[in-house]
file my_file.tsv (TSV, C-alpha atoms and all ligand atoms)
chain	number	residue	atom	x	y	z
M	1	MET	CA	-3.43	6.28	7.72
M	2	TYR	CA	-4.21	2.73	6.67
M	3	GLN	CA	-7.42	1.36	8.10
M	4	PRO	CA	-7.92	-2.38	7.44
M	5	ARG	CA	-11.25	-3.44	5.99
M	6	GLU	CA	-13.85	-4.35	8.54
M	7	GLY	CA	-15.21	-7.85	8.15
M	8	ARG	CA	-11.94	-9.09	6.66
M	9	TYR	CA	-12.20	-12.34	8.59
M	10	GLN	CA	-15.80	-13.14	7.71
M	11	LYS	CA	-15.23	-15.02	4.47
M	12	ALA	CA	-11.64	-16.16	4.97
M	13	ARG	CA	-10.89	-19.77	5.89
M	14	TYR	CA	-8.02	-21.00	8.03
M	15	ASN	CA	-6.50	-24.45	8.39
M	16	ARG	CA	-4.58	-25.78	11.34
M	17	ALA	CA	-0.91	-26.44	10.59
M	18	GLY	CA	-0.64	-30.11	11.49
M	19	ARG	CA	-1.29	-30.71	15.17
M	20	SER	CA	0.00	-27.28	16.19
M	21	GLY	CA	-2.10	-24.46	17.59
M	22	LEU	CA	-1.41	-22.29	14.55
M	23	MET	CA	-4.04	-21.59	11.91
M	24	LEU	CA	-2.88	-20.48	8.47
M	25	PRO	CA	-5.10	-18.94	5.81
M	26	GLN	CA	-6.23	-21.08	2.89
M	27	VAL	CA	-4.22	-18.73	0.64
M	28	SER	CA	-0.94	-17.18	1.78
M	29	LEU	CA	1.17	-14.60	-0.05
M	30	GLY	CA	4.88	-15.04	-0.77
M	31	LEU	CA	7.30	-12.20	-1.51
M	32	TRP	CA	9.88	-14.10	-3.55
M	33	HIS	CA	9.15	-12.01	-6.65
M	34	ASN	CA	7.75	-8.48	-7.12
M	35	PHE	CA	8.87	-7.10	-3.74
M	36	ALA	CA	12.45	-6.31	-4.73
M	37	ALA	CA	14.35	-3.07	-4.32
M	38	ARG	CA	13.37	-2.05	-7.88
M	39	SER	CA	9.69	-3.05	-7.54
M	40	ASP	CA	6.99	-0.38	-7.59
M	41	TYR	CA	6.58	0.40	-3.87
M	42	ASP	CA	2.98	1.55	-4.24
M	43	ASN	CA	2.08	-1.71	-5.95
M	44	CYS	CA	3.78	-3.67	-3.14
M	45	LYS	CA	1.75	-1.74	-0.56
M	46	LYS	CA	-1.46	-2.29	-2.51
M	47	MET	CA	-0.90	-6.04	-2.75
M	48	LEU	CA	-0.10	-6.46	0.92
M	49	THR	CA	-2.98	-4.36	2.18
M	50	TYR	CA	-5.43	-5.95	-0.26
M	51	ALA	CA	-4.34	-9.37	0.98
M	52	PHE	CA	-4.65	-8.38	4.63
M	53	ASP	CA	-7.99	-6.69	3.97
M	54	HIS	CA	-9.28	-10.04	2.70
M	55	GLY	CA	-8.12	-12.29	5.50
M	56	ILE	CA	-4.67	-13.25	4.20
M	57	THR	CA	-2.75	-13.15	7.44
M	58	HIS	CA	0.36	-15.00	6.35
M	59	PHE	CA	3.26	-13.45	4.44
M	60	ASP	CA	6.24	-15.59	3.50
M	61	LEU	CA	9.79	-14.32	2.98
M	62	ALA	CA	13.36	-15.60	2.98
M	63	ASN	CA	16.70	-13.97	3.67
M	64	ASN	CA	17.65	-14.11	-0.02
M	65	TYR	CA	14.44	-12.79	-1.64
M	66	GLY	CA	15.00	-9.74	-3.78
M	67	PRO	CA	17.04	-8.99	-5.85
M	68	PRO	CA	19.36	-8.01	-4.35
M	69	PRO	CA	19.14	-10.64	-1.59
M	70	GLY	CA	17.58	-9.17	1.53
M	71	SER	CA	15.66	-6.45	-0.30
M	72	ALA	CA	12.25	-8.17	-0.06
M	73	GLU	CA	12.64	-8.18	3.73
M	74	THR	CA	13.65	-4.51	3.63
M	75	VAL	CA	10.63	-3.58	1.49
M	76	PHE	CA	8.34	-5.65	3.72
M	77	GLY	CA	9.84	-4.01	6.84
M	78	LYS	CA	9.08	-0.57	5.41
M	79	ILE	CA	5.47	-1.51	4.64
M	80	LEU	CA	5.11	-2.92	8.13
M	81	LYS	CA	6.45	0.28	9.62
M	82	ASP	CA	4.34	2.51	7.35
M	83	LEU	CA	1.07	0.58	7.48
M	84	LEU	CA	0.80	-2.80	9.12
M	85	ALA	CA	2.74	-2.47	12.38
M	86	PRO	CA	-0.40	-1.83	14.49
M	87	TYR	CA	-1.67	-5.21	13.30
M	88	ARG	CA	1.46	-7.25	14.08
M	89	ASP	CA	-0.51	-9.62	16.31
M	90	GLU	CA	-2.80	-10.45	13.38
M	91	LEU	CA	0.10	-11.41	11.12
M	92	ILE	CA	2.09	-14.58	10.56
M	93	ILE	CA	5.44	-13.59	9.11
M	94	SER	CA	7.89	-16.25	8.04
M	95	THR	CA	11.44	-16.14	6.81
M	96	LYS	CA	14.09	-18.72	5.95
M	97	ALA	CA	17.80	-19.37	5.65
M	98	GLY	CA	19.49	-22.16	3.76
M	99	PHE	CA	20.53	-20.81	0.38
M	100	ASP	CA	23.51	-18.71	-0.60
M	101	MET	CA	23.23	-15.37	1.20
M	102	TRP	CA	26.61	-13.80	1.91
M	103	GLU	CA	30.24	-14.36	1.00
M	104	GLY	CA	32.55	-16.73	2.80
M	105	PRO	CA	31.91	-20.09	4.47
M	106	TYR	CA	29.17	-18.92	6.90
M	107	GLY	CA	26.50	-17.57	4.57
M	108	ASP	CA	24.92	-20.74	3.15
M	109	TRP	CA	23.46	-24.17	3.99
M	110	GLY	CA	22.63	-25.27	7.55
M	111	SER	CA	25.27	-24.56	10.19
M	112	LYS	CA	24.33	-23.06	13.53
M	113	LYS	CA	26.64	-20.14	12.71
M	114	TYR	CA	24.69	-19.33	9.51
M	115	LEU	CA	21.16	-19.82	10.83
M	116	VAL	CA	21.64	-17.74	13.98
M	117	ALA	CA	23.38	-14.89	12.16
M	118	SER	CA	20.91	-14.94	9.29
M	119	LEU	CA	17.81	-14.69	11.46
M	120	ASP	CA	19.36	-11.74	13.30
M	121	GLN	CA	19.93	-10.04	9.94
M	122	SER	CA	16.37	-10.79	8.79
M	123	LEU	CA	14.89	-9.36	11.98
M	124	ALA	CA	16.96	-6.20	11.55
M	125	ARG	CA	15.86	-5.79	7.91
M	126	MET	CA	12.19	-6.21	8.79
M	127	GLY	CA	12.38	-4.22	12.02
M	128	LEU	CA	10.94	-7.13	14.01
M	129	ASP	CA	11.69	-8.64	17.41
M	130	TYR	CA	10.59	-12.07	16.26
M	131	VAL	CA	9.24	-13.95	13.25
M	132	ASP	CA	6.33	-16.31	13.55
M	133	ILE	CA	7.92	-19.09	11.52
M	134	PHE	CA	11.61	-19.62	10.80
M	135	TYR	CA	12.45	-22.20	8.16
M	136	HIS	CA	15.56	-24.11	7.30
M	137	HIS	CA	15.24	-23.48	3.55
M	138	ARG	CA	16.78	-26.70	2.20
M	139	PRO	CA	18.45	-29.80	3.59
M	140	ASP	CA	22.22	-29.62	3.99
M	141	PRO	CA	23.98	-32.88	3.11
M	142	GLU	CA	27.17	-31.86	4.97
M	143	THR	CA	25.98	-30.37	8.26
M	144	PRO	CA	24.63	-32.88	10.80
M	145	ILE	CA	20.85	-32.48	11.05
M	146	GLU	CA	21.38	-32.40	14.84
M	147	GLU	CA	23.29	-29.12	14.54
M	148	THR	CA	20.67	-27.54	12.27
M	149	LEU	CA	17.80	-28.53	14.55
M	150	ASP	CA	19.71	-27.46	17.67
M	151	ALA	CA	20.08	-24.04	16.03
M	152	LEU	CA	16.32	-23.87	15.33
M	153	LYS	CA	15.59	-24.85	18.91
M	154	LEU	CA	17.97	-22.20	20.22
M	155	LEU	CA	16.22	-19.52	18.14
M	156	MET	CA	12.85	-20.64	19.47
M	157	ARG	CA	14.14	-20.56	23.05
M	158	GLN	CA	15.49	-17.07	22.48
M	159	GLY	CA	12.04	-16.00	21.33
M	160	LYS	CA	13.27	-14.95	17.89
M	161	ALA	CA	11.00	-17.52	16.20
M	162	LEU	CA	7.68	-18.71	17.59
M	163	TYR	CA	7.62	-21.80	15.38
M	164	VAL	CA	10.32	-23.49	13.33
M	165	ALA	CA	9.95	-25.47	10.16
M	166	ILE	CA	11.70	-27.05	7.21
M	167	SER	CA	11.47	-26.53	3.48
M	168	ASN	CA	12.39	-28.62	0.44
M	169	TYR	CA	13.10	-31.62	2.67
M	170	ARG	CA	12.37	-34.82	0.75
M	171	LYS	CA	10.76	-37.74	2.56
M	172	ALA	CA	14.03	-39.28	3.78
M	173	ASP	CA	15.28	-35.86	4.99
M	174	THR	CA	12.02	-35.24	6.84
M	175	GLU	CA	12.17	-38.67	8.49
M	176	LYS	CA	15.71	-38.03	9.67
M	177	ALA	CA	14.82	-34.60	11.00
M	178	LEU	CA	11.77	-35.93	12.83
M	179	GLN	CA	13.83	-38.62	14.52
M	180	TYR	CA	16.16	-36.11	16.17
M	181	ALA	CA	13.40	-33.54	16.71
M	182	ARG	CA	11.58	-36.13	18.85
M	183	ASP	CA	14.72	-36.65	20.97
M	184	ILE	CA	15.04	-32.95	21.71
M	185	HIS	CA	11.28	-32.30	21.95
M	186	LEU	CA	11.34	-29.86	19.07
M	187	PRO	CA	8.02	-29.46	17.26
M	188	ILE	CA	8.57	-28.92	13.53
M	189	LEU	CA	5.56	-26.95	12.35
M	190	CYS	CA	5.49	-27.90	8.68
M	191	ASN	CA	7.39	-28.69	5.54
M	192	GLN	CA	7.19	-26.06	2.78
M	193	LEU	CA	7.24	-27.89	-0.53
M	194	GLU	CA	6.68	-27.13	-4.18
M	195	TYR	CA	3.30	-28.43	-5.18
M	196	SER	CA	1.28	-27.87	-8.33
M	197	LEU	CA	-0.19	-29.84	-11.20
M	198	LEU	CA	3.28	-29.67	-12.73
M	199	SER	CA	5.27	-30.57	-9.63
M	200	ARG	CA	3.87	-33.32	-7.48
M	201	PRO	CA	6.31	-35.95	-6.17
M	202	ASP	CA	7.99	-34.06	-3.30
M	203	PHE	CA	4.71	-33.57	-1.49
M	204	GLU	CA	2.89	-36.72	-2.56
M	205	ASP	CA	5.78	-38.96	-1.42
M	206	GLN	CA	5.57	-37.67	2.12
M	207	GLN	CA	1.96	-36.60	2.48
M	208	GLN	CA	1.11	-39.54	4.73
M	209	LEU	CA	4.23	-39.06	6.82
M	210	LEU	CA	3.42	-35.39	7.41
M	211	THR	CA	-0.16	-36.16	8.39
M	212	ARG	CA	0.86	-39.02	10.68
M	213	GLU	CA	3.51	-36.90	12.39
M	214	GLY	CA	1.16	-33.94	12.84
M	215	MET	CA	3.10	-31.65	10.55
M	216	GLY	CA	1.51	-29.10	8.23
M	217	ALA	CA	2.25	-28.82	4.51
M	218	VAL	CA	2.73	-25.44	2.87
M	219	ALA	CA	2.36	-25.77	-0.91
M	220	TYR	CA	4.56	-23.24	-2.65
M	221	ALA	CA	4.32	-22.08	-6.28
M	222	PRO	CA	0.89	-23.67	-6.87
M	223	LEU	CA	0.70	-21.91	-10.26
M	224	ALA	CA	4.22	-23.04	-11.24
M	225	GLY	CA	5.31	-19.42	-11.31
M	226	GLY	CA	2.53	-18.51	-13.75
M	227	LEU	CA	2.82	-21.45	-16.17
M	228	LEU	CA	-0.50	-22.87	-14.94
M	229	THR	CA	-2.43	-19.71	-15.85
M	230	ASP	CA	-3.40	-17.92	-19.05
M	231	ARG	CA	-0.20	-15.83	-18.83
M	232	TYR	CA	1.78	-17.63	-21.53
M	233	ARG	CA	-0.95	-19.19	-23.67
M	234	ASN	CA	-0.62	-16.59	-26.43
M	235	GLY	CA	3.06	-15.69	-26.35
M	236	ILE	CA	5.29	-14.17	-23.67
M	237	PRO	CA	3.94	-10.82	-22.42
M	238	GLN	CA	6.46	-8.06	-21.72
M	239	ASP	CA	5.22	-7.61	-18.14
M	240	SER	CA	5.37	-11.34	-17.28
M	241	ARG	CA	7.86	-12.99	-14.93
M	242	ILE	CA	9.71	-14.63	-17.83
M	243	ARG	CA	10.45	-11.19	-19.33
M	244	THR	CA	10.87	-9.12	-16.18
M	245	ASP	CA	12.85	-11.55	-14.01
M	246	GLY	CA	13.73	-14.70	-15.91
M	247	ARG	CA	16.19	-16.07	-13.35
M	248	PHE	CA	14.12	-19.15	-12.66
M	249	LEU	CA	11.27	-19.18	-15.18
M	250	LYS	CA	12.38	-19.44	-18.81
M	251	GLU	CA	10.80	-19.12	-22.22
M	252	ALA	CA	11.88	-22.73	-22.83
M	253	ASP	CA	9.48	-23.82	-20.05
M	254	VAL	CA	6.54	-22.85	-22.27
M	255	THR	CA	6.52	-25.96	-24.42
M	256	GLU	CA	4.01	-27.16	-27.00
M	257	SER	CA	3.20	-30.08	-24.73
M	258	LEU	CA	2.44	-27.71	-21.83
M	259	LEU	CA	0.19	-25.54	-24.02
M	260	LYS	CA	-1.81	-28.61	-25.03
M	261	LYS	CA	-2.29	-29.58	-21.40
M	262	LEU	CA	-3.36	-26.03	-20.54
M	263	ALA	CA	-5.98	-26.05	-23.31
M	264	LYS	CA	-7.53	-29.21	-21.81
M	265	LEU	CA	-7.39	-27.83	-18.26
M	266	ASP	CA	-8.92	-24.59	-19.46
M	267	SER	CA	-12.01	-26.32	-20.81
M	268	ILE	CA	-12.53	-28.11	-17.48
M	269	ALA	CA	-12.04	-24.77	-15.69
M	270	ARG	CA	-14.66	-23.06	-17.87
M	271	GLU	CA	-17.20	-25.77	-17.12
M	272	ARG	CA	-16.60	-25.09	-13.42
M	273	GLY	CA	-17.03	-21.35	-13.99
M	274	GLN	CA	-13.36	-20.77	-13.19
M	275	LYS	CA	-10.30	-19.40	-14.91
M	276	LEU	CA	-7.39	-21.70	-15.60
M	277	SER	CA	-5.36	-20.15	-12.76
M	278	GLN	CA	-8.27	-20.76	-10.40
M	279	LEU	CA	-8.63	-24.40	-11.35
M	280	SER	CA	-4.87	-24.92	-10.87
M	281	LEU	CA	-4.96	-23.31	-7.45
M	282	ALA	CA	-8.20	-24.96	-6.34
M	283	TRP	CA	-6.74	-28.36	-7.27
M	284	VAL	CA	-3.80	-27.76	-4.90
M	285	MET	CA	-6.07	-26.59	-2.09
M	286	ALA	CA	-8.27	-29.64	-2.55
M	287	GLN	CA	-5.47	-32.13	-1.83
M	288	ALA	CA	-5.57	-33.80	1.56
M	289	GLY	CA	-2.98	-32.53	3.98
M	290	ILE	CA	-2.39	-29.10	2.41
M	291	THR	CA	-2.43	-26.40	5.09
M	292	THR	CA	-2.09	-23.41	2.81
M	293	ALA	CA	-1.42	-22.60	-0.84
M	294	LEU	CA	1.44	-20.11	-0.97
M	295	ILE	CA	0.98	-17.96	-4.03
M	296	GLY	CA	2.93	-15.15	-5.62
M	297	ALA	CA	1.43	-12.13	-7.35
M	298	SER	CA	2.47	-9.14	-9.43
M	299	ARG	CA	-0.82	-7.26	-9.03
M	300	VAL	CA	-3.89	-7.05	-6.83
M	301	GLU	CA	-6.19	-8.72	-9.40
M	302	GLN	CA	-4.18	-11.94	-9.14
M	303	ILE	CA	-4.74	-12.06	-5.38
M	304	GLU	CA	-8.43	-11.39	-5.95
M	305	GLU	CA	-8.64	-14.31	-8.39
M	306	ALA	CA	-6.84	-16.59	-5.96
M	307	LEU	CA	-9.28	-15.77	-3.18
M	308	GLU	CA	-12.18	-16.46	-5.52
M	309	ALA	CA	-10.63	-19.83	-6.40
M	310	ALA	CA	-10.70	-20.79	-2.73
M	311	GLU	CA	-14.48	-20.57	-2.81
M	312	ASN	CA	-14.80	-23.35	-5.38
M	313	ARG	CA	-12.24	-25.96	-4.47
M	314	ARG	CA	-14.36	-29.11	-4.54
M	315	PHE	CA	-13.90	-31.43	-7.49
M	316	SER	CA	-16.04	-34.34	-8.60
M	317	ALA	CA	-14.30	-37.68	-9.15
M	318	GLU	CA	-14.94	-37.23	-12.86
M	319	GLU	CA	-13.30	-33.78	-12.92
M	320	LEU	CA	-10.27	-35.14	-11.05
M	321	GLU	CA	-9.92	-37.95	-13.53
M	322	ARG	CA	-10.17	-35.54	-16.46
M	323	ILE	CA	-7.47	-33.38	-14.89
M	324	GLU	CA	-5.21	-36.43	-14.52
M	325	GLN	CA	-5.79	-37.29	-18.18
M	326	ALA	CA	-5.11	-33.71	-19.27
M	327	MET	CA	-1.74	-33.78	-17.50
M	328	ARG	CA	-0.60	-37.07	-19.05
N	401	LIG	P1	2.98	-19.02	-8.09
N	401	LIG	O1	3.12	-20.37	-8.68
N	401	LIG	O2	1.72	-18.66	-7.39
N	401	LIG	O3	3.29	-17.96	-9.26
N	401	LIG	C1	3.00	-16.62	-9.08
N	401	LIG	C2	3.08	-15.88	-10.43
N	401	LIG	O4	2.09	-16.39	-11.32
N	401	LIG	C3	2.76	-14.41	-10.27
N	401	LIG	O5	3.89	-13.67	-9.89
N	401	LIG	C4	2.23	-14.05	-11.65
N	401	LIG	O6	3.32	-13.88	-12.54
N	401	LIG	C5	1.51	-15.32	-12.05
N	401	LIG	N1	0.08	-15.26	-11.68
N	401	LIG	C6	-0.47	-15.30	-10.46
N	401	LIG	N2	-1.81	-15.24	-10.52
N	401	LIG	C7	-2.12	-15.15	-11.82
N	401	LIG	C8	-3.35	-15.05	-12.52
N	401	LIG	N3	-4.51	-15.04	-11.89
N	401	LIG	N4	-3.30	-14.99	-13.88
N	401	LIG	C9	-2.12	-14.99	-14.54
N	401	LIG	N5	-0.92	-15.08	-13.92
N	401	LIG	C10	-0.92	-15.15	-12.58
N	401	LIG	O7	4.10	-18.81	-7.01
N	401	LIG	P2	5.59	-18.22	-6.92
N	401	LIG	O8	6.48	-18.91	-7.85
N	401	LIG	O9	5.51	-16.73	-6.98
N	401	LIG	O10	5.93	-18.65	-5.43
N	401	LIG	C11	5.06	-18.24	-4.39
N	401	LIG	C12	5.79	-18.18	-3.07
N	401	LIG	O11	6.22	-19.48	-2.69
N	401	LIG	C13	7.07	-17.37	-3.08
N	401	LIG	O12	6.83	-15.97	-3.00
N	401	LIG	C14	7.75	-17.89	-1.86
N	401	LIG	O13	7.19	-17.32	-0.72
N	401	LIG	C15	7.41	-19.37	-1.92
N	401	LIG	N6	8.48	-20.17	-2.54
N	401	LIG	C16	9.24	-20.94	-1.71
N	401	LIG	C17	10.29	-21.65	-2.20
N	401	LIG	C18	11.10	-22.49	-1.27
N	401	LIG	O14	12.18	-22.95	-1.66
N	401	LIG	N7	10.66	-22.69	-0.06
N	401	LIG	C19	10.65	-21.63	-3.64
N	401	LIG	C20	9.73	-20.84	-4.43
N	401	LIG	C21	8.68	-20.15	-3.89
N	401	LIG	P3	3.56	-12.52	-13.37
N	401	LIG	O15	4.66	-11.84	-12.66
N	401	LIG	O16	3.95	-13.00	-14.72
N	401	LIG	O17	2.30	-11.72	-13.36

call {"tool": "encode", "arguments": {"input": "my_file.tsv", "output": "structure tokens", "more": "lines below"}}
Ligand code: NDP
result
Amino acid sequence: MYQPREGRYQKARYNRAGRSGLMLPQVSLGLWHNFAARSDYDNCKKMLTYAFDHGITHFDLANNYGPPPGSAETVFGKILKDLLAPYRDELIISTKAGFDMWEGPYGDWGSKKYLVASLDQSLARMGLDYVDIFYHHRPDPETPIEETLDALKLLMRQGKALYVAISNYRKADTEKALQYARDIHLPILCNQLEYSLLSRPDFEDQQQLLTREGMGAVAYAPLAGGLLTDRYRNGIPQDSRIRTDGRFLKEADVTESLLKKLAKLDSIARERGQKLSQLSLAWVMAQAGITTALIGASRVEQIEEALEAAENRRFSAEELERIEQAMR
């Protein structure tokens, strides 16, 4: 029987998501990669329990994570049932709908039909009565935002989602959503956005808006899928994401220009007593308005390194300037 580590909350830090009552850990773990049907189940269990044992209370999923789509939720549901179910009240589990999930006109984008059906499917796959956070995964240019938000409100009312949120909404999309959300008294917990040293505008454009409106910001892919680590500095390892699941991360992303930037970042990291991955992650956590850095991992050691990074996330003005120069 799994027994969580005593003292797991002593060192961990939590940030409030905007002006909500919900605290999220400094580092959260996403199951986009490495929790698929074909993934090593023992390794999945080890990563989740290691995370939970060290104060990571938040696990992020989506209907389509896998492959095949849905399988990450199935794997997560099995681990919950086998190990973590007694600790359900200590967990923040999120899922999303908004990308292509099933055939026909009702399995994609932002209609009420899709969102309601998809959350029911997600709950069934995970064996849950409710998720803590349900996201609309991307803005839908065709469906009225009123319909999408009405669907989120319905799911909250039904108790299937405790909080609702948006993801990949650019500033104008967020403004539009907030306008209607105010009318229907719907609190939108946060916007989940890509944010790393290689991907800044989506968050930076709306950082002030999110803070002013009391919304949290979840920074996903803070290591740019592994590009902002040592992973690809000496070739493409066989066990890396590019080789094992190159659907989104490609060999062509490892450019000469990137490698030069990484070399400069690495020397700053060493001076701080950190690894490159830790500097990249600490930089994200150091930005004003970030509620949590949502990482991915293929092994326990990567989670361990991420947690260590959280302990040294202050930068001097000089270090920040050197990082800016390195990225130019
Ligand atoms: P990261 O940028 O954190 O990349 C994680 C990958 O980087 C790992 O799988 C591993 O790759 C590599 N890595 C991690 N730590 C280290 C280390 N210390 N040293 C070397 N390599 C390391 O995030 P992800 O791209 O995985 O995304 C994280 C989460 O964000 C997702 O699971 C999902 O929950 C969310 N997300 C949300 C999206 C949205 O649209 N809302 C879109 C994308 C992600 P390797 O396998 O090579 O070891």

call {"tool": "atom_distance", "arguments": {"input": "my_file.tsv", "atom1": "atom O11 of ligand LIG 401 (chain N)", "atom2": "atom CA of M:Ser71"}}
result
16.3 Å

call {"tool": "closest_atom_pairs", "arguments": {"input": "my_file.tsv", "of": "chain M", "to": "ligand LIG 401 (chain N)", "cutoff": "6 Å", "atoms": "all atoms listed in the file", "output": "CSV"}}
result
residue,atom,partner,partner_atom,distance
M:Gly30,CA,N:LIG401,O12,3.1
M:Leu31,CA,N:LIG401,O12,4.1
M:Trp32,CA,N:LIG401,O12,3.6
M:His33,CA,N:LIG401,O12,5.9
M:Asp60,CA,N:LIG401,O13,4.7
M:Leu61,CA,N:LIG401,O13,5.4
M:His137,CA,N:LIG401,N7,5.9
M:Ser167,CA,N:LIG401,N7,5.3
M:Gln192,CA,N:LIG401,N7,5.6
M:Tyr220,CA,N:LIG401,O11,4.1
M:Ala221,CA,N:LIG401,O1,3.2
M:Pro222,CA,N:LIG401,O1,4.4
M:Leu223,CA,N:LIG401,O1,3.3
M:Ala224,CA,N:LIG401,O1,3.9
M:Gly225,CA,N:LIG401,O3,3.2
M:Gly226,CA,N:LIG401,O4,3.3
M:Thr229,CA,N:LIG401,C9,4.9
M:Asp230,CA,N:LIG401,C9,5.5
M:Arg231,CA,N:LIG401,C9,4.8
M:Ser240,CA,N:LIG401,O16,3.4
M:Arg241,CA,N:LIG401,O16,3.9
M:Ser277,CA,N:LIG401,N3,5.3
M:Leu294,CA,N:LIG401,O11,5.1
M:Ile295,CA,N:LIG401,O2,3.5
M:Gly296,CA,N:LIG401,O9,3.3
M:Ala297,CA,N:LIG401,O5,3.9
M:Ser298,CA,N:LIG401,O17,4.7
M:Gln302,CA,N:LIG401,N3,4.2
M:Glu305,CA,N:LIG401,N3,5.5

call {"tool": "write_last_selection", "arguments": {"input": "my_file.tsv", "atoms": "C-alpha atoms", "output": "compact mmCIF listing (two decimals), in the coordinates of the input"}}
result
# COMPACT_ATOMS: atom_id res chain seq x y z
CA GLY M 30 4.88 -15.04 -0.77
CA LEU M 31 7.30 -12.20 -1.51
CA TRP M 32 9.88 -14.10 -3.55
CA HIS M 33 9.15 -12.01 -6.65
CA ASP M 60 6.24 -15.59 3.50
CA LEU M 61 9.79 -14.32 2.98
CA HIS M 137 15.24 -23.48 3.55
CA SER M 167 11.47 -26.53 3.48
CA GLN M 192 7.19 -26.06 2.78
CA TYR M 220 4.56 -23.24 -2.65
CA ALA M 221 4.32 -22.08 -6.28
CA PRO M 222 0.89 -23.67 -6.87
CA LEU M 223 0.70 -21.91 -10.26
CA ALA M 224 4.22 -23.04 -11.24
CA GLY M 225 5.31 -19.42 -11.31
CA GLY M 226 2.53 -18.51 -13.75
CA THR M 229 -2.43 -19.71 -15.85
CA ASP M 230 -3.40 -17.92 -19.05
CA ARG M 231 -0.20 -15.83 -18.83
CA SER M 240 5.37 -11.34 -17.28
CA ARG M 241 7.86 -12.99 -14.93
CA SER M 277 -5.36 -20.15 -12.76
CA LEU M 294 1.44 -20.11 -0.97
CA ILE M 295 0.98 -17.96 -4.03
CA GLY M 296 2.93 -15.15 -5.62
CA ALA M 297 1.43 -12.13 -7.35
CA SER M 298 2.47 -9.14 -9.43
CA GLN M 302 -4.18 -11.94 -9.14
CA GLU M 305 -8.64 -14.31 -8.39

call {"tool": "residues_around", "arguments": {"input": "my_file.tsv", "residues": "M:Arg299", "least_positions_apart": "5", "cutoff": "9 Å", "atoms": "only C-alpha atoms", "output": "ChimeraX atom specification"}}
result
/M:34,43-44,46-47

call {"tool": "closest_residue", "arguments": {"input": "my_file.tsv", "among": "M:Ser111, M:Ser257, M:Asn312, M:Asn168", "to": "M:Ser280", "atoms": "all atoms listed in the file"}}
result
M:Asn312

call {"tool": "residues_near_point", "arguments": {"input": "my_file.tsv", "point": "(-12.9, -7.7, 8.4)", "cutoff": "12 Å", "atoms": "all atoms listed in the file", "output": "PDB file with C-alpha atoms, keeping the file's coordinate frame"}}
result
ATOM      1  CA  GLN M   3      -7.420   1.360   8.100  1.00  0.00           C
ATOM      2  CA  PRO M   4      -7.920  -2.380   7.440  1.00  0.00           C
ATOM      3  CA  ARG M   5     -11.250  -3.440   5.990  1.00  0.00           C
ATOM      4  CA  GLU M   6     -13.850  -4.350   8.540  1.00  0.00           C
ATOM      5  CA  GLY M   7     -15.210  -7.850   8.150  1.00  0.00           C
ATOM      6  CA  ARG M   8     -11.940  -9.090   6.660  1.00  0.00           C
ATOM      7  CA  TYR M   9     -12.200 -12.340   8.590  1.00  0.00           C
ATOM      8  CA  GLN M  10     -15.800 -13.140   7.710  1.00  0.00           C
ATOM      9  CA  LYS M  11     -15.230 -15.020   4.470  1.00  0.00           C
ATOM     10  CA  ALA M  12     -11.640 -16.160   4.970  1.00  0.00           C
ATOM     11  CA  TYR M  50      -5.430  -5.950  -0.260  1.00  0.00           C
ATOM     12  CA  ALA M  51      -4.340  -9.370   0.980  1.00  0.00           C
ATOM     13  CA  PHE M  52      -4.650  -8.380   4.630  1.00  0.00           C
ATOM     14  CA  ASP M  53      -7.990  -6.690   3.970  1.00  0.00           C
ATOM     15  CA  HIS M  54      -9.280 -10.040   2.700  1.00  0.00           C
ATOM     16  CA  GLY M  55      -8.120 -12.290   5.500  1.00  0.00           C
ATOM     17  CA  ILE M  56      -4.670 -13.250   4.200  1.00  0.00           C
ATOM     18  CA  THR M  57      -2.750 -13.150   7.440  1.00  0.00           C
ATOM     19  CA  GLU M  90      -2.800 -10.450  13.380  1.00  0.00           C
TER      20      GLU M  90
END
